[in-house]
Amino acid sequence: MATANPTGDASNNPLDWKRIVEAHERIRARIHRTPVLTSESLNEMAGAELFFKCENVQKTGSFKIRGATNAIFSLTGEEARQGVVTHSSGNHAAAVACAARWRGVGAYIVMPKNAPGVKCRAVESYGGKITFCEPNVTARAETAARIQAEIGAAMVHPYDDDRIIAGQATSAKELLEEVPDLEAVLAPVSGGGLLSGTCLGAKGLRAEIKVYGCEPARADDAYRSLRSGKLQALETSDTIADGLRASLAPRTFAILRRHVAGILLVSEEEIVAAMKLVWERLKSVIEPSSAVALAPVLRRGGLREMGFGDGARPKIGVILSGGNVELKW
């Protein structure tokens, strides 16, 4: 199931290409330039040439370190003096804790009490101080705001921040620098920081490229928002893709309305199947949120949802957003 972008957004986007290039220069020495992998067997299954941007092997295990590093190293000394605060289900939390340690400031992290243990341990390993809250969007935001008021720390929002979006855009920038003739890029969507950045980073190098967001059907606020033209809330969700349980912000919604080609919804079963295939065929561990970006092209009719005809075999980039998965035996 997919929805196309029904209307463009008339507002000017303050994030121009220059700011994305500056973000890349700011973070380049601290992050990995992650590999782009291919798999002929997955190509055959999809009927397309797939190029996987492997942010699952990025520092802290996800793309989030790009935006967090750009945001935290953009702060003035006075702004950073009391540390930084954020709320996150896990990957952004670890990235903020890590980047804050690099900057030499404290990190105060609000996490839902049902956050995966592997992600909580990662935050603690980087020196982040965790405060747990109820597992809903309102509790996360309110708890972070309270801590910010008490401590005076600088807020590093997971996605509603131009510095975060510019940092996330560097992943697509790298992908298009390596594979410049891609026809489409797929990325997961939750709060929209990665997808907004993917739109800006990819289209900055190839204006005609199609960018699709991929979203669990159980957490479909981006799909509903673009379909209706108005922001739709997602207070809670039980999707296996625990990194995709946030809602779009006005900032990311405006970018997506202007640039994204559509949102592709996937079932829980499709997420698990895609994740297992990447483990087996790419020999690469990804988390369910990453698998959401591959699942649409593997199902029957998936390429037609993206406007590609039968036998087209398009070149498609897939952002594998993270690899922080709880492995239990």
# chains A, B, ... in the order shown; residues from 1 in each chain; ligands from 1
call {"tool": "residues_around", "arguments": {"residues": "A:Glu78", "least_positions_apart": "2", "cutoff": "12 Å", "atoms": "only C-alpha atoms", "output": "list in words"}}
result
Ser74, Leu75, Thr76, Ala80, Arg81, Gln82, Gly83, Val84, Val105, Gly152, Ala153 and Ala154 of chain A
call {"tool": "write_last_selection", "arguments": {"atoms": "N, CA and C atoms", "output": "short mmCIF file (atom, residue, chain, number, x, y, z; two decimals), in the first residue's frame"}}
result
data_model
loop_
_atom_site.label_atom_id
_atom_site.label_comp_id
_atom_site.auth_asym_id
_atom_site.auth_seq_id
_atom_site.Cartn_x
_atom_site.Cartn_y
_atom_site.Cartn_z
N SER A 74 27.82 21.85 16.38
CA SER A 74 27.39 23.17 15.92
C SER A 74 27.11 24.10 17.08
N LEU A 75 26.98 23.56 18.29
CA LEU A 75 26.67 24.38 19.46
C LEU A 75 27.86 25.27 19.82
N THR A 76 27.56 26.46 20.29
CA THR A 76 28.62 27.31 20.83
C THR A 76 29.06 26.76 22.18
N ALA A 80 26.66 24.65 24.89
CA ALA A 80 26.98 23.28 25.28
C ALA A 80 27.40 23.14 26.74
N ARG A 81 27.57 24.25 27.43
CA ARG A 81 28.20 24.24 28.76
C ARG A 81 27.47 23.33 29.75
N GLN A 82 26.15 23.32 29.73
CA GLN A 82 25.37 22.51 30.67
C GLN A 82 25.00 21.13 30.11
N GLY A 83 25.62 20.76 29.00
CA GLY A 83 25.34 19.46 28.41
C GLY A 83 24.17 19.50 27.44
N VAL A 84 23.74 18.33 27.01
CA VAL A 84 22.65 18.21 26.04
C VAL A 84 21.61 17.23 26.56
N VAL A 105 30.90 17.00 27.02
CA VAL A 105 29.79 17.55 27.80
C VAL A 105 28.86 16.40 28.22
N GLY A 152 19.31 23.10 32.38
CA GLY A 152 19.77 24.12 31.44
C GLY A 152 20.51 23.53 30.26
N ALA A 153 20.32 22.24 30.02
CA ALA A 153 21.00 21.58 28.90
C ALA A 153 20.37 21.99 27.57
N ALA A 154 21.15 21.89 26.51
CA ALA A 154 20.67 22.22 25.17
C ALA A 154 19.89 21.04 24.60
#
call {"tool": "residues_around", "arguments": {"residues": "A:Val36", "least_positions_apart": "2", "cutoff": "8 Å", "atoms": "only C-alpha atoms", "output": "PyMOL selection string"}}
result
chain A and resi 34+38+51-54+175
call {"tool": "residues_around", "arguments": {"residues": "A:Ala100", "least_positions_apart": "4", "cutoff": "9 Å", "atoms": "only C-alpha atoms", "output": "VMD selection string"}}
result
chain A and resid 68 to 69 72 to 73 83 to 84 95 to 96 104 to 107 126 to 128
call {"tool": "residues_around", "arguments": {"residues": "A:Leu327", "least_positions_apart": "4", "cutoff": "12 Å", "atoms": "only C-alpha atoms", "output": "ChimeraX atom specification"}}
result
/A:116-119,285-287,323
call {"tool": "write_last_selection", "arguments": {"atoms": "C-alpha atoms", "output": "PDB file, in the first residue's frame"}}
result
ATOM      1  CA  PRO A 116      15.320  -2.488  23.953  1.00  0.00           C
ATOM      2  CA  GLY A 117      17.982  -3.436  26.460  1.00  0.00           C
ATOM      3  CA  VAL A 118      20.724  -3.410  23.824  1.00  0.00           C
ATOM      4  CA  LYS A 119      19.988   0.269  23.134  1.00  0.00           C
ATOM      5  CA  VAL A 285      22.882  -7.743  10.850  1.00  0.00           C
ATOM      6  CA  ILE A 286      20.170  -5.115  10.549  1.00  0.00           C
ATOM      7  CA  GLU A 287      17.341  -4.166  12.899  1.00  0.00           C
ATOM      8  CA  GLY A 323      21.870  -2.670  13.192  1.00  0.00           C
TER       9      GLY A 323
END
call {"tool": "residues_around", "arguments": {"residues": "A:Val21", "least_positions_apart": "6", "cutoff": "12 Å", "atoms": "only C-alpha atoms", "output": "list in words"}}
result
Leu15, Ile27, Arg28, Asn70, Arg163, Ala166, Gly167, Gln168, Ala169, Thr170, Ser171, Ala172, Lys173, Glu174, Leu200, Gly201, Gly204 and Leu205 of chain A
call {"tool": "atom_distance", "arguments": {"atom1": "atom CA of A:Ile130", "atom2": "atom CA of A:Glu215"}}
result
27.6 Å
call {"tool": "atom_distance", "arguments": {"atom1": "atom CA of A:Arg245", "atom2": "atom CA of A:Ser284"}}
result
23.6 Å
call {"tool": "closest_atom_pairs", "arguments": {"of": "stretch 114-214 of chain A", "to": "stretch 226-239 of chain A", "cutoff": "12 Å", "atoms": "only C-alpha atoms", "output": "Markdown table"}}
result
| residue | atom | partner | partner_atom | distance |
| --- | --- | --- | --- | --- |
| A:Asn114 | CA | A:Asp238 | CA | 10.6 |
| A:Ala115 | CA | A:Asp238 | CA | 11.8 |
| A:Glu134 | CA | A:Thr236 | CA | 10.2 |
| A:Pro135 | CA | A:Thr236 | CA | 7.1 |
| A:Asn136 | CA | A:Thr236 | CA | 5.3 |
| A:Val137 | CA | A:Glu235 | CA | 5.4 |
| A:Thr138 | CA | A:Glu235 | CA | 7.2 |
| A:Ala139 | CA | A:Glu235 | CA | 9.6 |
| A:Arg140 | CA | A:Glu235 | CA | 10.5 |
| A:Ala141 | CA | A:Glu235 | CA | 11.4 |
| A:Ser190 | CA | A:Leu234 | CA | 9.8 |
| A:Gly191 | CA | A:Leu234 | CA | 10.1 |
| A:Gly213 | CA | A:Leu226 | CA | 10.9 |
call {"tool": "closest_residue", "arguments": {"among": "A:Gly67, A:Pro216, A:Gly262, A:Gly47", "to": "A:Gly197", "atoms": "only C-alpha atoms"}}
result
A:Gly67
call {"tool": "closest_residue", "arguments": {"among": "A:Arg19, A:Val266, A:Val85, A:His32", "to": "A:Glu150", "atoms": "only C-alpha atoms"}}
result
A:Val85
call {"tool": "select_by_dssp", "arguments": {"residues": "stretch 59-187 of chain A", "states": "strand (DSSP E)", "output": "list in words"}}
result
Val84, Val85, Thr86, His87, Ala107, Tyr108, Ile109, Val110, Met111, Pro112, Lys129, Ile130, Thr131, Phe132, Cys133, Ala154, Met155, Ala184, Val185, Leu186 and Ala187 of chain A
call {"tool": "write_last_selection", "arguments": {"atoms": "N, CA and C atoms", "output": "compact mmCIF listing (two decimals), in the first residue's frame"}}
result
# COMPACT_ATOMS: atom_id res chain seq x y z
N VAL A 84 23.74 18.33 27.01
CA VAL A 84 22.65 18.21 26.04
C VAL A 84 21.61 17.23 26.56
N VAL A 85 20.38 17.41 26.10
CA VAL A 85 19.29 16.54 26.50
C VAL A 85 18.50 16.14 25.26
N THR A 86 17.97 14.93 25.27
CA THR A 86 17.13 14.48 24.17
C THR A 86 16.19 13.40 24.66
N HIS A 87 15.25 13.00 23.79
CA HIS A 87 14.41 11.83 24.06
C HIS A 87 14.47 10.92 22.84
N ALA A 107 25.35 14.23 28.82
CA ALA A 107 24.21 13.86 27.97
C ALA A 107 23.11 13.29 28.85
N TYR A 108 21.92 13.89 28.79
CA TYR A 108 20.77 13.49 29.59
C TYR A 108 19.72 12.93 28.62
N ILE A 109 19.43 11.65 28.76
CA ILE A 109 18.65 10.94 27.76
C ILE A 109 17.34 10.42 28.36
N VAL A 110 16.25 10.78 27.74
CA VAL A 110 14.94 10.25 28.12
C VAL A 110 14.58 9.11 27.18
N MET A 111 14.29 7.93 27.77
CA MET A 111 13.96 6.76 26.96
C MET A 111 12.67 6.13 27.49
N PRO A 112 11.84 5.57 26.60
CA PRO A 112 10.66 4.85 27.08
C PRO A 112 11.06 3.61 27.86
N LYS A 129 23.18 9.64 30.77
CA LYS A 129 22.38 9.45 31.98
C LYS A 129 20.92 9.28 31.57
N ILE A 130 20.37 8.09 31.79
CA ILE A 130 19.03 7.76 31.30
C ILE A 130 17.96 8.08 32.34
N THR A 131 16.88 8.69 31.89
CA THR A 131 15.65 8.81 32.66
C THR A 131 14.56 8.09 31.88
N PHE A 132 13.93 7.11 32.48
CA PHE A 132 12.88 6.35 31.79
C PHE A 132 11.53 7.04 31.96
N CYS A 133 10.67 6.86 30.95
CA CYS A 133 9.34 7.46 30.98
C CYS A 133 8.33 6.47 30.40
N ALA A 154 21.15 21.89 26.51
CA ALA A 154 20.67 22.22 25.17
C ALA A 154 19.89 21.04 24.60
N MET A 155 18.72 21.32 24.04
CA MET A 155 17.91 20.27 23.45
C MET A 155 18.49 19.87 22.10
N ALA A 184 15.87 5.71 -7.80
CA ALA A 184 15.05 5.89 -6.61
C ALA A 184 15.87 5.54 -5.38
N VAL A 185 15.48 6.10 -4.24
CA VAL A 185 16.07 5.75 -2.94
C VAL A 185 14.93 5.51 -1.98
N LEU A 186 15.07 4.45 -1.17
CA LEU A 186 14.09 4.11 -0.15
C LEU A 186 14.73 4.26 1.22
N ALA A 187 13.99 4.87 2.15
CA ALA A 187 14.48 5.04 3.51
C ALA A 187 13.31 4.87 4.48
call {"tool": "closest_residue", "arguments": {"among": "A:Ala144, A:Cys214, A:Ala254, A:Leu244", "to": "A:Ala295", "atoms": "only C-alpha atoms"}}
result
A:Cys214
call {"tool": "decode", "arguments": {"residues": "stretch 193-241 of chain A", "atoms": "C-alpha atoms", "output": "PDB file, in the first residue's frame"}}
result
ATOM      1  CA  GLY A 193      14.722  13.255  10.017  1.00  0.00           C
ATOM      2  CA  LEU A 194      16.333  10.545   7.902  1.00  0.00           C
ATOM      3  CA  LEU A 195      13.733  10.689   5.138  1.00  0.00           C
ATOM      4  CA  SER A 196      13.861  14.500   4.964  1.00  0.00           C
ATOM      5  CA  GLY A 197      17.637  14.353   4.841  1.00  0.00           C
ATOM      6  CA  THR A 198      17.520  11.613   2.210  1.00  0.00           C
ATOM      7  CA  CYS A 199      15.280  13.778   0.026  1.00  0.00           C
ATOM      8  CA  LEU A 200      17.605  16.765   0.310  1.00  0.00           C
ATOM      9  CA  GLY A 201      20.848  14.797   0.084  1.00  0.00           C
ATOM     10  CA  ALA A 202      19.785  12.706  -2.917  1.00  0.00           C
ATOM     11  CA  LYS A 203      18.051  15.481  -4.851  1.00  0.00           C
ATOM     12  CA  GLY A 204      20.974  17.789  -4.235  1.00  0.00           C
ATOM     13  CA  LEU A 205      22.997  15.556  -6.555  1.00  0.00           C
ATOM     14  CA  ARG A 206      20.243  14.165  -8.815  1.00  0.00           C
ATOM     15  CA  ALA A 207      17.158  16.359  -8.989  1.00  0.00           C
ATOM     16  CA  GLU A 208      15.018  13.822 -10.859  1.00  0.00           C
ATOM     17  CA  ILE A 209      15.524  10.957  -8.391  1.00  0.00           C
ATOM     18  CA  LYS A 210      12.459   9.534  -6.633  1.00  0.00           C
ATOM     19  CA  VAL A 211      12.633   9.244  -2.846  1.00  0.00           C
ATOM     20  CA  TYR A 212      10.153   6.980  -1.045  1.00  0.00           C
ATOM     21  CA  GLY A 213       9.525   6.648   2.651  1.00  0.00           C
ATOM     22  CA  CYS A 214       8.858   3.181   4.041  1.00  0.00           C
ATOM     23  CA  GLU A 215       6.706   2.754   7.119  1.00  0.00           C
ATOM     24  CA  PRO A 216       5.146  -0.042   9.192  1.00  0.00           C
ATOM     25  CA  ALA A 217       1.396  -0.321   8.636  1.00  0.00           C
ATOM     26  CA  ARG A 218       1.093  -0.371  12.444  1.00  0.00           C
ATOM     27  CA  ALA A 219       2.784   3.053  12.666  1.00  0.00           C
ATOM     28  CA  ASP A 220       1.379   4.792   9.602  1.00  0.00           C
ATOM     29  CA  ASP A 221       1.217   8.446  10.655  1.00  0.00           C
ATOM     30  CA  ALA A 222       3.461   9.646   7.799  1.00  0.00           C
ATOM     31  CA  TYR A 223       1.255   7.829   5.279  1.00  0.00           C
ATOM     32  CA  ARG A 224      -1.882   9.356   6.797  1.00  0.00           C
ATOM     33  CA  SER A 225      -0.308  12.793   7.082  1.00  0.00           C
ATOM     34  CA  LEU A 226       0.711  12.983   3.421  1.00  0.00           C
ATOM     35  CA  ARG A 227      -2.591  11.514   2.303  1.00  0.00           C
ATOM     36  CA  SER A 228      -4.660  14.029   4.274  1.00  0.00           C
ATOM     37  CA  GLY A 229      -2.349  17.022   3.942  1.00  0.00           C
ATOM     38  CA  LYS A 230      -2.433  17.495   7.724  1.00  0.00           C
ATOM     39  CA  LEU A 231      -0.158  16.159  10.446  1.00  0.00           C
ATOM     40  CA  GLN A 232      -1.563  12.984  11.984  1.00  0.00           C
ATOM     41  CA  ALA A 233      -0.518  11.931  15.464  1.00  0.00           C
ATOM     42  CA  LEU A 234       0.900   8.583  16.520  1.00  0.00           C
ATOM     43  CA  GLU A 235       0.870   8.388  20.297  1.00  0.00           C
ATOM     44  CA  THR A 236       1.837   4.712  20.637  1.00  0.00           C
ATOM     45  CA  SER A 237       2.572   1.711  18.428  1.00  0.00           C
ATOM     46  CA  ASP A 238       3.438  -1.947  18.894  1.00  0.00           C
ATOM     47  CA  THR A 239       5.348  -2.445  15.642  1.00  0.00           C
ATOM     48  CA  ILE A 240       8.436  -4.645  15.791  1.00  0.00           C
ATOM     49  CA  ALA A 241      10.297  -1.722  14.194  1.00  0.00           C
TER      50      ALA A 241
END
